[in-house]
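K.L.:
Before I ask anything, here is the structure I am working with.
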Amino acid sequence: MKKFQVVGIGNAMVDVLATADEAFLAANGIGKGIMQLIDMPRAVDLYSRIGPAKEISGGSAANTIAGIAQLGGRTAYVGKVKDDQLGAIFAHDLRAQGAVYETPLAPKNADHETGRCIILVTEDGERSMNTYLGWSEFLTPQDIFEDQMAAAEWIYLEGYRFDGPASHEAFAKAISACKGAGGQVSVTLSDPFCVERHRDAFRRMIRDDVDLLFANRAELCSMYQTDDFAAAMQAASAEVGIVACTEGEHGAHILSGGQRWHVPSVATRIVDATGAGDLFAGAVLWGITHGHDLETAGRMGCIAASEVISHVGARPEADLRRLFAQHGVF
């Protein structure tokens with residue numbers, strides 16, 4: 001038995017959540033429903049303009065790992081924060097979930113601060129993300145501990161982390177160590193605009209190294225440059241052993257070995273869509289690593305996603321295993 005079931009690598013962030021209306025988004029040049037990279041001055045300016053906010057540890061892969069840890073999975077996370085107030089919040093919250101987090105903190109006098117994502121949630125529950133990467137942008141191969149990657153059944157790579165000068169090399173090191181020890185690789189595409197910025201690098205990784213691909217409909221269509229969702233899923237399944245693709249209220253699709261399963265969504269009043277894909281991925285990985293079939297793992301993913309969109313914040317608040325039992329999947 002390996003020490004870790006899943007080790008995640010991504011942008012270590014603290015989410016700053018606030019509500020906003022469509023007029024605020026338009027007045028401040030914010031694209032609805034997508035992630036936009038911003039610099040520190042823009043982050044400070046936006047923070048001064050928003051209403052009351054809630055600060056919650058976030059980061060896409062970190063949310064996934066927190067979800068697996070909450071389910072009782074053996075997890076670890078790699079992502080960079082600074083030795084500052086937000087960095088302390090991030091490290092404490094992740095460890096409190098039960099995940100191992102050993103990435104060294106950047107010193108207090110480092111040039112960049114802990115990354116933060118200003119998330120504006122509109123009345124329909126859609127989230128518009130404004131991300132200052134901060135110290136998380138500077139993940140390097142030196143931050144990847146090969147023995148930790150070798151000790152993982154799966155590694156989970158966050159697509160957002162492709163926006164960094166040395167991250168591709170860091171991912172390559174992690175993949176080599178994991179696969180060299182018999183582990184498997186999963187990746188999430190994260191965002192259609194992220195795909196557009198790094199499509200060639202994503203495609204090489206998907207073809208050569210990825211065993212499980214997570215995406216939503218928009219991301220998958222962007223990856224394969226088509227508006228035909230069925231064609232995009234078929235193209236992905238020709239390159240990857242398992243494809244897990246979400247489609248909002250229409251649930252999710254799991255493809256593997258020439259088979260396809262459609263998993264219905266769980267009816268939920270959307271309060272904040274932040275983290276839906278992250279928790280879907282976490283529950284699917286937990287299901288797979290605990291011996292469940294792919295369809296059941298997909299059902300677990302949809303249940304976990306429904307829980308996280310029912311409240312503000314991207315970390316689960318309810319007992320996910322109890323929810324699985326209530327839905328008859330555990």
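Residue numbering restarts at 1 for every chain of the structure tokens, chains are lettered A, B, ... in their displayed order, and ligands are numbered from 1 as they appear.
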From a backbone DSSP assignment, name each residue in stretch 35-226 of chain A labelled alpha helix (DSSP H), as a ChimeraX atom specification.
P.N.:
/A:40-49,60-70,85-97,146-150,167-180,192-208,217-223
K.L.:
Could you pull the residues within 12 Å of A:Ser306, counting only C-alpha atoms, minus those fewer than 2 positions along the same chain, as a VMD selection string?
P.N.:
chain A and resid 248 to 249 251 264 to 280 283 299 to 304 308 to 311 314 to 318 320 323 to 324
K.L.:
Tell me which protein, DNA and RNA residues are within 10 Å of A:Phe24, counting only C-alpha atoms, leaving out same-chain ones fewer than 3 positions away, and put them as an NGL selection string.
P.N.:
:A and (19-21 or 27-30 or 49-50 or 120 or 122)
K.L.:
Keeping only N, CA, C and O atoms, take the residues you just selected and write them out as an mmCIF file, in the first residue's frame.
P.N.:
```cif
data_model
loop_
_atom_site.group_PDB
_atom_site.id
_atom_site.type_symbol
_atom_site.label_atom_id
_atom_site.label_comp_id
_atom_site.auth_asym_id
_atom_site.auth_seq_id
_atom_site.Cartn_x
_atom_site.Cartn_y
_atom_site.Cartn_z
ATOM 1 N N THR A 19 -20.347 39.073 -2.995
ATOM 2 C CA THR A 19 -21.431 39.101 -3.978
ATOM 3 C C THR A 19 -21.316 40.366 -4.825
ATOM 4 O O THR A 19 -20.772 41.389 -4.387
ATOM 5 N N ALA A 20 -21.833 40.275 -6.054
ATOM 6 C CA ALA A 20 -21.802 41.422 -6.961
ATOM 7 C C ALA A 20 -22.927 41.262 -7.968
ATOM 8 O O ALA A 20 -23.433 40.158 -8.188
ATOM 9 N N ASP A 21 -23.318 42.359 -8.590
ATOM 10 C CA ASP A 21 -24.336 42.275 -9.635
ATOM 11 C C ASP A 21 -23.670 42.426 -11.005
ATOM 12 O O ASP A 21 -22.471 42.697 -11.118
ATOM 13 N N ALA A 27 -18.880 47.352 -15.013
ATOM 14 C CA ALA A 27 -18.200 48.608 -14.686
ATOM 15 C C ALA A 27 -16.726 48.402 -14.378
ATOM 16 O O ALA A 27 -15.913 49.320 -14.560
ATOM 17 N N ASN A 28 -16.374 47.205 -13.932
ATOM 18 C CA ASN A 28 -14.989 46.943 -13.549
ATOM 19 C C ASN A 28 -14.250 46.024 -14.522
ATOM 20 O O ASN A 28 -13.165 45.527 -14.207
ATOM 21 N N GLY A 29 -14.830 45.823 -15.686
ATOM 22 C CA GLY A 29 -14.158 45.053 -16.725
ATOM 23 C C GLY A 29 -13.914 43.612 -16.352
ATOM 24 O O GLY A 29 -12.867 43.037 -16.695
ATOM 25 N N ILE A 30 -14.872 42.980 -15.666
ATOM 26 C CA ILE A 30 -14.706 41.601 -15.195
ATOM 27 C C ILE A 30 -15.531 40.660 -16.066
ATOM 28 O O ILE A 30 -16.738 40.835 -16.215
ATOM 29 N N ARG A 49 -13.013 47.914 -3.879
ATOM 30 C CA ARG A 49 -14.297 48.227 -4.498
ATOM 31 C C ARG A 49 -15.424 47.263 -4.107
ATOM 32 O O ARG A 49 -16.595 47.612 -4.213
ATOM 33 N N ILE A 50 -15.066 46.051 -3.695
ATOM 34 C CA ILE A 50 -16.094 45.061 -3.412
ATOM 35 C C ILE A 50 -16.745 45.318 -2.056
ATOM 36 O O ILE A 50 -16.224 46.067 -1.224
ATOM 37 N N LEU A 120 -16.214 36.956 -7.373
ATOM 38 C CA LEU A 120 -17.460 37.707 -7.304
ATOM 39 C C LEU A 120 -18.603 36.791 -7.731
ATOM 40 O O LEU A 120 -18.613 36.265 -8.843
ATOM 41 N N THR A 122 -22.479 36.226 -8.535
ATOM 42 C CA THR A 122 -23.702 36.913 -8.924
ATOM 43 C C THR A 122 -24.920 36.140 -8.423
ATOM 44 O O THR A 122 -24.812 35.035 -7.902
#
```
K.L.:
Check the smallest atom-to-atom distance from each of A:Glu102, A:Glu295, A:Asp39, A:Asp111 to A:Arg260 using only C-alpha atoms, then report the winner.
P.N.:
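Answer, going by the shortest atom-to-atom distance: A:Glu295.
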K.L.:
Mind giving me the straight-line distance from atom CA of A:Pro107 to atom CA of A:Lys82 in Å, one decimal?
P.N.:
6.2 Å
K.L.:
Pick out each residue of stretch 94-210 of chain A that DSSP on the backbone tags as strand (DSSP E or B); I need them as a compact mmCIF listing (two decimals) with N, CA and C atoms, in the first residue's frame.
P.N.:
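Saved result, selection.txt, follows:
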```txt
# COMPACT_ATOMS: atom_id res chain seq x y z
N VAL A 100 -1.37 16.23 4.08
CA VAL A 100 0.03 16.55 4.33
C VAL A 100 0.41 17.75 3.46
N TYR A 101 0.99 18.77 4.06
CA TYR A 101 1.42 19.96 3.32
C TYR A 101 2.79 20.35 3.82
N ALA A 106 7.58 30.76 1.57
CA ALA A 106 8.51 31.82 1.17
C ALA A 106 8.74 32.74 2.35
N GLY A 115 -0.85 34.09 -2.92
CA GLY A 115 -1.84 34.30 -3.96
C GLY A 115 -3.24 34.40 -3.39
N ARG A 116 -4.08 35.17 -4.07
CA ARG A 116 -5.47 35.25 -3.67
C ARG A 116 -6.36 35.37 -4.90
N CYS A 117 -7.56 34.88 -4.77
CA CYS A 117 -8.53 34.93 -5.86
C CYS A 117 -9.75 35.68 -5.38
N ILE A 118 -10.00 36.84 -5.97
CA ILE A 118 -11.19 37.62 -5.64
C ILE A 118 -12.34 37.08 -6.49
N ILE A 119 -13.27 36.41 -5.82
CA ILE A 119 -14.36 35.72 -6.50
C ILE A 119 -15.65 36.50 -6.28
N LEU A 120 -16.21 36.96 -7.37
CA LEU A 120 -17.46 37.71 -7.30
C LEU A 120 -18.60 36.79 -7.73
N VAL A 121 -19.53 36.59 -6.83
CA VAL A 121 -20.64 35.67 -7.05
C VAL A 121 -21.90 36.47 -7.36
N ARG A 127 -19.65 32.28 -10.67
CA ARG A 127 -18.52 32.95 -10.05
C ARG A 127 -17.57 33.47 -11.12
N SER A 128 -17.11 34.70 -10.89
CA SER A 128 -16.16 35.35 -11.78
C SER A 128 -14.88 35.58 -10.97
N MET A 129 -13.80 34.95 -11.42
CA MET A 129 -12.59 34.87 -10.61
C MET A 129 -11.51 35.82 -11.12
N ASN A 130 -10.93 36.55 -10.20
CA ASN A 130 -9.85 37.50 -10.50
C ASN A 130 -8.65 37.08 -9.67
N THR A 131 -7.67 36.49 -10.33
CA THR A 131 -6.62 35.76 -9.61
C THR A 131 -5.28 36.46 -9.66
N TYR A 132 -4.79 36.78 -8.49
CA TYR A 132 -3.40 37.22 -8.33
C TYR A 132 -2.61 36.00 -7.87
N ALA A 152 2.77 8.04 -4.29
CA ALA A 152 1.37 8.31 -4.61
C ALA A 152 0.80 7.29 -5.60
N GLU A 153 -0.42 6.84 -5.32
CA GLU A 153 -1.14 6.03 -6.30
C GLU A 153 -1.49 6.89 -7.51
N TRP A 154 -1.92 8.12 -7.23
CA TRP A 154 -2.27 9.09 -8.28
C TRP A 154 -1.65 10.44 -7.94
N ILE A 155 -1.26 11.20 -8.96
CA ILE A 155 -1.03 12.62 -8.78
C ILE A 155 -2.11 13.36 -9.55
N TYR A 156 -2.42 14.54 -9.06
CA TYR A 156 -3.50 15.34 -9.65
C TYR A 156 -2.92 16.72 -9.97
N LEU A 157 -2.89 17.07 -11.24
CA LEU A 157 -2.24 18.29 -11.71
C LEU A 157 -3.28 19.33 -12.11
N GLU A 158 -3.11 20.53 -11.61
CA GLU A 158 -4.05 21.62 -11.86
C GLU A 158 -3.66 22.39 -13.11
N GLN A 184 -0.21 6.69 -11.25
CA GLN A 184 -0.97 7.18 -12.40
C GLN A 184 -1.16 8.69 -12.29
N VAL A 185 -1.47 9.30 -13.44
CA VAL A 185 -1.52 10.76 -13.54
C VAL A 185 -2.91 11.21 -13.95
N SER A 186 -3.44 12.17 -13.21
CA SER A 186 -4.69 12.84 -13.59
C SER A 186 -4.42 14.33 -13.72
N VAL A 187 -5.18 14.98 -14.58
CA VAL A 187 -5.03 16.42 -14.79
C VAL A 187 -6.41 17.02 -15.01
N THR A 188 -6.59 18.25 -14.54
CA THR A 188 -7.80 19.00 -14.83
C THR A 188 -7.46 20.16 -15.75
```
K.L.:
Near A:Phe162, counting only C-alpha atoms, which residues have an atom at most 8 Å away, once you skip same-chain residues fewer than 5 positions from it, shown as number ranges by chain?
P.N.:
A: 167-168, 194, 198
K.L.:
Within 8 Å of stretch 84-93 of chain A, counting only C-alpha atoms, which residues show up once you throw out same-chain ones fewer than 3 positions away? Write them as a list in words, please.
P.N.:
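Counting only C-alpha atoms, the residues come to Ala12, Met13, Val14, Ser57, Gly58, Val81, Ala96, Gln97, Tyr101, Leu105, Lys108, Glu113 and Thr114 of chain A.
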K.L.:
Quick one, how far is atom CA of A:Ile175 from atom CA of A:Val210?
P.N.:
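Between atom CA of A:Ile175 and atom CA of A:Val210 the gap is 8.9 Å.
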